[in-house]
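Chemist: File name start-v3.cif; file contents mmCIF, C-alpha atoms; full text below.
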data_structure
loop_
_atom_site.label_atom_id
_atom_site.label_comp_id
_atom_site.auth_asym_id
_atom_site.auth_seq_id
_atom_site.Cartn_x
_atom_site.Cartn_y
_atom_site.Cartn_z
CA MET S 437 41.74 -2.58 -21.72
CA THR S 438 41.37 0.54 -23.87
CA ALA S 439 37.93 1.87 -24.81
CA ILE S 440 37.20 1.57 -28.52
CA LEU S 441 33.91 3.45 -28.04
CA ALA S 442 32.96 5.92 -25.31
CA PHE S 443 29.77 7.81 -24.51
CA GLU S 444 30.36 10.89 -22.36
CA GLU S 445 27.47 12.56 -20.49
CA LEU S 446 25.15 11.81 -23.41
CA THR S 447 21.64 13.28 -23.43
CA PHE S 448 19.25 12.63 -26.30
CA GLY S 449 15.57 13.12 -27.06
CA TYR S 450 13.45 12.78 -30.19
CA GLY S 451 12.48 16.37 -30.99
CA SER S 452 12.96 19.59 -29.03
CA GLY S 453 11.02 19.86 -25.81
CA THR S 454 10.42 16.11 -25.56
CA ARG S 455 11.46 13.94 -22.63
CA ALA S 456 15.05 12.75 -22.85
CA VAL S 457 15.40 9.12 -23.90
CA LEU S 458 18.99 9.13 -22.64
CA ASP S 459 19.88 11.43 -19.77
CA GLY S 460 23.53 12.09 -18.93
CA LEU S 461 24.65 8.59 -19.92
CA SER S 462 28.35 7.69 -19.73
CA LEU S 463 29.73 4.35 -20.82
CA ASP S 464 32.98 2.83 -22.14
CA ILE S 465 33.11 -0.17 -24.49
CA GLU S 466 36.43 -1.94 -24.12
CA CYS S 467 38.43 -3.27 -27.06
CA GLY S 468 38.02 -7.01 -27.54
CA SER S 469 34.91 -7.26 -25.36
CA VAL S 470 31.42 -8.56 -25.98
CA THR S 471 29.19 -6.08 -24.18
CA ALA S 472 25.50 -6.89 -23.80
CA ILE S 473 23.01 -4.11 -23.03
CA LEU S 474 19.87 -5.25 -21.24
CA GLY S 475 16.84 -3.31 -20.08
CA PRO S 476 13.09 -2.91 -20.55
CA ASN S 477 11.52 -1.63 -23.75
CA GLY S 478 11.97 2.08 -24.39
CA VAL S 479 15.04 2.67 -22.25
CA GLY S 480 17.16 3.78 -25.22
CA LYS S 481 19.14 0.65 -26.12
CA SER S 482 18.62 0.95 -29.90
CA THR S 483 18.98 4.73 -29.69
CA LEU S 484 22.42 4.26 -28.15
CA LEU S 485 23.54 2.16 -31.13
CA HIS S 486 22.26 4.75 -33.59
CA LEU S 487 24.15 7.48 -31.72
CA ALA S 488 27.29 5.34 -31.90
CA LEU S 489 26.94 5.21 -35.68
CA GLY S 490 26.42 8.96 -35.93
CA TRP S 491 22.89 8.52 -37.31
CA LEU S 492 21.48 10.63 -34.47
CA ARG S 493 22.84 13.79 -32.85
CA ALA S 494 22.86 14.14 -29.07
CA ARG S 495 21.47 17.19 -27.30
CA SER S 496 24.61 17.25 -25.19
CA GLY S 497 27.64 15.09 -24.51
CA ARG S 498 29.72 13.32 -27.09
CA VAL S 499 30.61 9.96 -28.63
CA LEU S 500 34.27 9.01 -29.02
CA LEU S 501 35.72 6.35 -31.33
CA ASP S 502 39.29 5.41 -30.43
CA GLY S 503 39.40 8.53 -28.26
CA GLN S 504 38.42 10.91 -31.08
CA PRO S 505 35.03 12.65 -31.49
CA LEU S 506 32.80 10.73 -33.87
CA GLY S 507 32.22 13.85 -35.99
CA SER S 508 35.91 14.10 -36.83
CA TYR S 509 35.77 10.92 -38.93
CA PRO S 510 34.79 10.85 -42.63
CA ARG S 511 31.73 8.67 -43.28
CA ARG S 512 33.88 6.29 -45.34
CA ARG S 513 36.21 5.73 -42.37
CA LEU S 514 33.27 5.11 -40.04
CA GLY S 515 31.88 2.57 -42.51
CA GLN S 516 35.18 0.71 -42.38
CA SER S 517 35.24 0.80 -38.57
CA MET S 518 31.66 -0.02 -37.52
CA ALA S 519 28.78 -2.11 -38.84
CA LEU S 520 25.24 -2.62 -37.58
CA VAL S 521 22.99 -5.67 -37.56
CA PRO S 522 19.55 -4.02 -37.15
CA GLN S 523 16.45 -5.70 -35.75
CA VAL S 524 14.71 -5.42 -39.10
CA GLU S 525 15.25 -3.64 -42.41
CA GLN S 526 12.93 -2.99 -45.33
CA THR S 527 14.43 -4.06 -48.64
CA PRO S 528 12.93 -2.09 -51.52
CA PHE S 529 14.79 -3.93 -54.29
CA ASP S 530 14.79 -7.58 -55.33
CA TYR S 531 18.44 -8.29 -54.48
CA THR S 532 19.89 -11.76 -54.38
CA VAL S 533 21.49 -12.64 -51.05
CA LEU S 534 24.93 -12.18 -52.61
CA ASP S 535 24.11 -8.76 -54.07
CA TYR S 536 22.59 -7.70 -50.75
CA VAL S 537 25.70 -8.69 -48.80
CA LEU S 538 27.94 -7.01 -51.40
CA LEU S 539 26.36 -3.67 -50.42
CA ALA S 540 28.61 -3.84 -47.36
CA ARG S 541 31.68 -3.32 -49.52
CA ALA S 542 30.67 0.26 -50.38
CA PRO S 543 33.01 1.90 -47.80
CA TYR S 544 35.96 0.27 -49.58
CA LEU S 545 34.99 1.32 -53.12
CA ALA S 546 35.40 4.57 -54.99
CA PRO S 547 32.22 6.40 -56.07
CA LEU S 548 30.46 4.40 -58.83
CA GLU S 549 33.06 1.60 -58.57
CA MET S 550 31.64 -1.91 -58.85
CA PRO S 551 32.64 -4.68 -56.41
CA GLY S 552 35.50 -6.82 -57.67
CA ALA S 553 36.56 -10.43 -57.23
CA GLU S 554 38.02 -9.78 -53.76
CA ASP S 555 34.79 -8.15 -52.63
CA GLU S 556 32.81 -11.15 -53.87
CA ARG S 557 35.14 -13.52 -52.04
CA ILE S 558 34.64 -11.62 -48.77
CA ALA S 559 30.86 -11.56 -49.26
CA GLU S 560 30.69 -15.27 -50.07
CA GLU S 561 32.76 -16.13 -46.99
CA ALA S 562 30.38 -14.13 -44.80
CA ILE S 563 27.37 -15.86 -46.36
CA GLU S 564 28.98 -19.24 -45.72
CA GLU S 565 29.75 -18.27 -42.14
CA VAL S 566 26.11 -17.53 -41.30
CA GLY S 567 24.85 -20.68 -43.04
CA LEU S 568 23.19 -19.11 -46.08
CA ALA S 569 25.48 -20.49 -48.81
CA PRO S 570 22.71 -22.67 -50.34
CA LEU S 571 20.56 -19.51 -50.68
CA CYS S 572 23.30 -17.31 -52.12
CA HIS S 573 21.40 -16.59 -55.36
CA ARG S 574 17.91 -16.56 -53.82
CA SER S 575 15.97 -13.28 -53.73
CA ILE S 576 16.22 -11.59 -50.34
CA THR S 577 12.45 -11.02 -50.45
CA THR S 578 11.76 -14.78 -50.36
CA LEU S 579 13.70 -15.45 -47.14
CA SER S 580 12.11 -16.29 -43.81
CA GLY S 581 12.53 -13.92 -40.87
CA GLY S 582 15.43 -15.92 -39.47
CA GLU S 583 17.12 -16.23 -42.85
CA ARG S 584 16.80 -12.51 -43.43
CA GLN S 585 18.32 -11.85 -40.00
CA ASN S 586 21.28 -14.01 -41.01
CA ALA S 587 21.58 -12.07 -44.27
CA LEU S 588 21.81 -8.86 -42.23
CA LEU S 589 24.54 -10.45 -40.14
CA ALA S 590 26.43 -11.59 -43.25
CA ARG S 591 26.26 -8.08 -44.68
CA ALA S 592 27.70 -6.63 -41.47
CA LEU S 593 30.51 -9.20 -41.41
CA ALA S 594 31.37 -8.47 -45.05
CA GLN S 595 31.89 -4.85 -44.02
CA GLN S 596 34.88 -6.12 -41.99
CA PRO S 597 34.35 -3.77 -39.03
CA ARG S 598 36.48 -3.61 -35.91
CA LEU S 599 33.31 -2.85 -33.94
CA LEU S 600 30.13 -4.82 -34.62
CA LEU S 601 26.85 -3.39 -33.29
CA MET S 602 23.93 -5.82 -33.02
CA ASP S 603 20.38 -4.76 -32.17
CA GLU S 604 18.39 -7.71 -30.78
CA PRO S 605 20.25 -10.13 -33.09
CA THR S 606 18.44 -13.29 -31.91
CA THR S 607 14.87 -11.99 -32.23
CA HIS S 608 13.98 -14.07 -35.31
CA LEU S 609 16.39 -16.95 -34.80
CA ASP S 610 15.55 -20.51 -33.81
CA LEU S 611 17.66 -22.35 -31.24
CA ALA S 612 20.12 -23.83 -33.75
CA HIS S 613 20.82 -20.44 -35.30
CA LYS S 614 21.19 -18.83 -31.86
CA VAL S 615 23.89 -21.38 -31.09
CA ARG S 616 25.57 -20.61 -34.44
CA LEU S 617 25.47 -16.89 -33.63
CA VAL S 618 27.09 -17.41 -30.23
CA HIS S 619 29.93 -19.43 -31.74
CA LEU S 620 30.35 -16.95 -34.60
CA VAL S 621 30.65 -13.99 -32.23
CA ARG S 622 33.14 -15.84 -30.03
CA ASP S 623 35.25 -16.65 -33.10
CA ARG S 624 35.19 -13.10 -34.41
CA VAL S 625 36.13 -11.65 -31.02
CA ALA S 626 39.03 -14.13 -30.79
CA ARG S 627 40.18 -12.66 -34.12
CA GLY S 628 40.13 -9.09 -32.78
CA MET S 629 36.58 -7.82 -33.21
CA THR S 630 34.67 -5.92 -30.51
CA VAL S 631 30.92 -6.53 -30.18
CA LEU S 632 28.22 -4.35 -28.62
CA LEU S 633 24.74 -5.86 -28.63
CA THR S 634 21.30 -5.18 -27.21
CA THR S 635 19.10 -8.06 -26.18
CA HIS S 636 15.89 -8.92 -24.36
CA GLU S 637 17.22 -12.41 -23.66
CA PRO S 638 19.40 -12.60 -20.52
CA ASP S 639 20.24 -16.22 -21.34
CA VAL S 640 21.78 -15.14 -24.65
CA ALA S 641 23.80 -12.50 -22.84
CA ALA S 642 24.96 -15.13 -20.33
CA ALA S 643 26.19 -17.34 -23.17
CA ILE S 644 28.11 -14.67 -25.03
CA ALA S 645 28.97 -11.55 -23.02
CA THR S 646 32.20 -10.64 -21.27
CA HIS S 647 30.74 -7.33 -20.08
CA MET S 648 27.22 -6.18 -19.31
CA VAL S 649 25.29 -2.91 -19.13
CA LEU S 650 21.90 -2.65 -17.42
CA MET S 651 19.75 0.34 -18.40
CA ARG S 652 16.59 1.86 -17.00
CA ASP S 653 14.96 5.28 -17.48
CA GLY S 654 17.62 6.41 -19.95
CA GLN S 655 20.54 5.80 -17.62
CA VAL S 656 23.05 3.09 -16.83
CA CYS S 657 22.08 1.28 -13.63
CA ALA S 658 25.07 -1.03 -13.59
CA SER S 659 27.97 -1.81 -15.91
CA GLY S 660 31.17 -3.79 -15.77
CA ALA S 661 32.48 -7.32 -16.02
CA PHE S 662 29.71 -9.81 -16.70
CA ALA S 663 30.09 -11.74 -13.43
CA ASP S 664 29.84 -8.53 -11.39
CA VAL S 665 26.70 -7.19 -13.10
CA PHE S 666 24.72 -10.33 -13.93
CA THR S 667 23.12 -10.84 -10.52
CA SER S 668 19.59 -11.61 -9.34
CA ASP S 669 19.36 -8.31 -7.47
CA ASN S 670 20.49 -6.24 -10.47
CA LEU S 671 18.15 -7.94 -12.95
CA SER S 672 15.21 -7.77 -10.53
CA ALA S 673 15.76 -4.04 -10.05
CA VAL S 674 16.02 -3.31 -13.78
CA TYR S 675 13.02 -5.36 -14.90
CA GLY S 676 10.83 -4.77 -11.85
CA VAL S 677 10.03 -8.46 -11.38
CA PRO S 678 11.63 -11.10 -9.14
CA VAL S 679 14.47 -12.75 -11.03
CA LYS S 680 16.66 -15.63 -9.93
CA ILE S 681 19.87 -16.80 -11.56
CA ALA S 682 20.53 -20.54 -11.40
CA GLU S 683 23.37 -22.67 -12.68
CA VAL S 684 22.55 -25.61 -14.94
CA ASP S 685 25.37 -27.80 -16.26
CA GLY S 686 27.86 -25.03 -15.63
CA ARG S 687 25.79 -22.35 -17.36
CA GLN S 688 23.82 -19.51 -15.80
CA VAL S 689 20.12 -19.33 -16.64
CA VAL S 690 17.50 -16.78 -15.65
CA LEU S 691 14.32 -17.82 -13.86
CA TRP S 692 11.39 -15.47 -13.27
CA THR S 693 8.18 -15.80 -11.31
#
Could you write out this file's structure as structure tokens?

Modeler:
Amino acid sequence: MTAILAFEELTFGYGSGTRAVLDGLSLDIECGSVTAILGPNGVGKSTLLHLALGWLRARSGRVLLDGQPLGSYPRRRLGQSMALVPQVEQTPFDYTVLDYVLLARAPYLAPLEMPGAEDERIAEEAIEEVGLAPLCHRSITTLSGGERQNALLARALAQQPRLLLMDEPTTHLDLAHKVRLVHLVRDRVARGMTVLLTTHEPDVAAAIATHMVLMRDGQVCASGAFADVFTSDNLSAVYGVPVKIAEVDGRQVVLWT
């Protein structure tokens, strides 16, 4: 497979003179993969996604999209290529769910251009896909945490990216919506999308990922095909607690003591 996204010898810290959050990290994200990044709090998982989007600037190293430096792309082109589902987002305006999701169409519009019928169709399809169609005209501020998370996902899908970045996407979701998310991601990847996600839930990664990255102390401890990386020894080393992987009804689950 060809790498759609590559991090080369990336070092990053928040402010000059501070300890590096990422230290010489190199990583390739293959086209058509679902890559799950696991690791303890504070190892730089969310930071890595923000560097991929160009929101942060590395101290050294570089980020490549389709083999080209990220800085060589216009912001409009990046917005058409990548979308982020953040952990949480403050919404200062009283948007309806539809208006909120329509914000994703901005990279396809000229300055001051309003979304048209095709944009609305794309937004409505994304809202339907995440299960929020009955709330389409509800204020975003009235949604529950899980519903708002699904609105963030719908907005990212309406952006029609080739690469979808997801930061702890299941944090606020109940079991039924986690299952919906897994099936949605599988469907989108089958249609050509690449997904890079961070998660604290190894069981979610086991259900969805084709590739896995384990991080600790700002570096990659292990990366590769899911079956090669998702082992008891690797997870125990990364999290610092004894971890056992068991198989239940053909699925791998993580047990800790």

Chemist: What does the distance from CA of Thr527 (chain S) to CA of His608 (chain S) come to in Å, to one decimal?

Modeler: 16.7 Å

Chemist: Around (37.1, 2.9, -47.3), as given in the file, which residues come within 9 Å? Count all atoms listed in the file and list them as a compact mmCIF listing (two decimals) with C-alpha atoms, in the frame of the given file.

Modeler:
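Result file is part.txt:
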# COMPACT_ATOMS: atom_id res chain seq x y z
CA ARG S 511 31.73 8.67 -43.28
CA ARG S 512 33.88 6.29 -45.34
CA ARG S 513 36.21 5.73 -42.37
CA LEU S 514 33.27 5.11 -40.04
CA GLY S 515 31.88 2.57 -42.51
CA GLN S 516 35.18 0.71 -42.38
CA ARG S 541 31.68 -3.32 -49.52
CA ALA S 542 30.67 0.26 -50.38
CA PRO S 543 33.01 1.90 -47.80
CA TYR S 544 35.96 0.27 -49.58
CA LEU S 545 34.99 1.32 -53.12
CA ALA S 546 35.40 4.57 -54.99

Chemist: Using all atoms listed in the file, pick whichever of S:Val499, S:Val618, S:Leu548, S:Leu633 has the shortest atom-to-atom distance to Ala439 (chain S).

Modeler: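 Comparing S:Val499, S:Val618, S:Leu548, S:Leu633 against Ala439 (chain S), the winner is S:Val499.
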
Chemist: With distances taken over all atoms listed in the file, which of S:Gly480, S:Pro678, S:Gly503, S:Gly468 is nearest to Tyr450 (chain S)?

Modeler: S:Gly480

Chemist: Give me the residues within 12 Å of Ala626 (chain S) as a PyMOL selection string, counting all atoms listed in the file and dropping any in the same chain fewer than 5 places off.

Modeler: chain S and resi 467-470+598+619-621+631

Chemist: Go ahead and save the residues from that selection, with C-alpha atoms, as a PDB file, keeping the file's coordinate frame.

Modeler:
ATOM      1  CA  CYS S 467      38.430  -3.270 -27.060  1.00  0.00           C
ATOM      2  CA  GLY S 468      38.020  -7.010 -27.540  1.00  0.00           C
ATOM      3  CA  SER S 469      34.910  -7.260 -25.360  1.00  0.00           C
ATOM      4  CA  VAL S 470      31.420  -8.560 -25.980  1.00  0.00           C
ATOM      5  CA  ARG S 598      36.480  -3.610 -35.910  1.00  0.00           C
ATOM      6  CA  HIS S 619      29.930 -19.430 -31.740  1.00  0.00           C
ATOM      7  CA  LEU S 620      30.350 -16.950 -34.600  1.00  0.00           C
ATOM      8  CA  VAL S 621      30.650 -13.990 -32.230  1.00  0.00           C
ATOM      9  CA  VAL S 631      30.920  -6.530 -30.180  1.00  0.00           C
TER      10      VAL S 631
END

Chemist: Step by step, work through what the PyMOL selection byres ((chain S and resi 442) around 10) selects in the shown file, and finish by giving those residues as number ranges by chain.

Modeler: S: 439-441, 443-446, 462-466, 488, 498-506
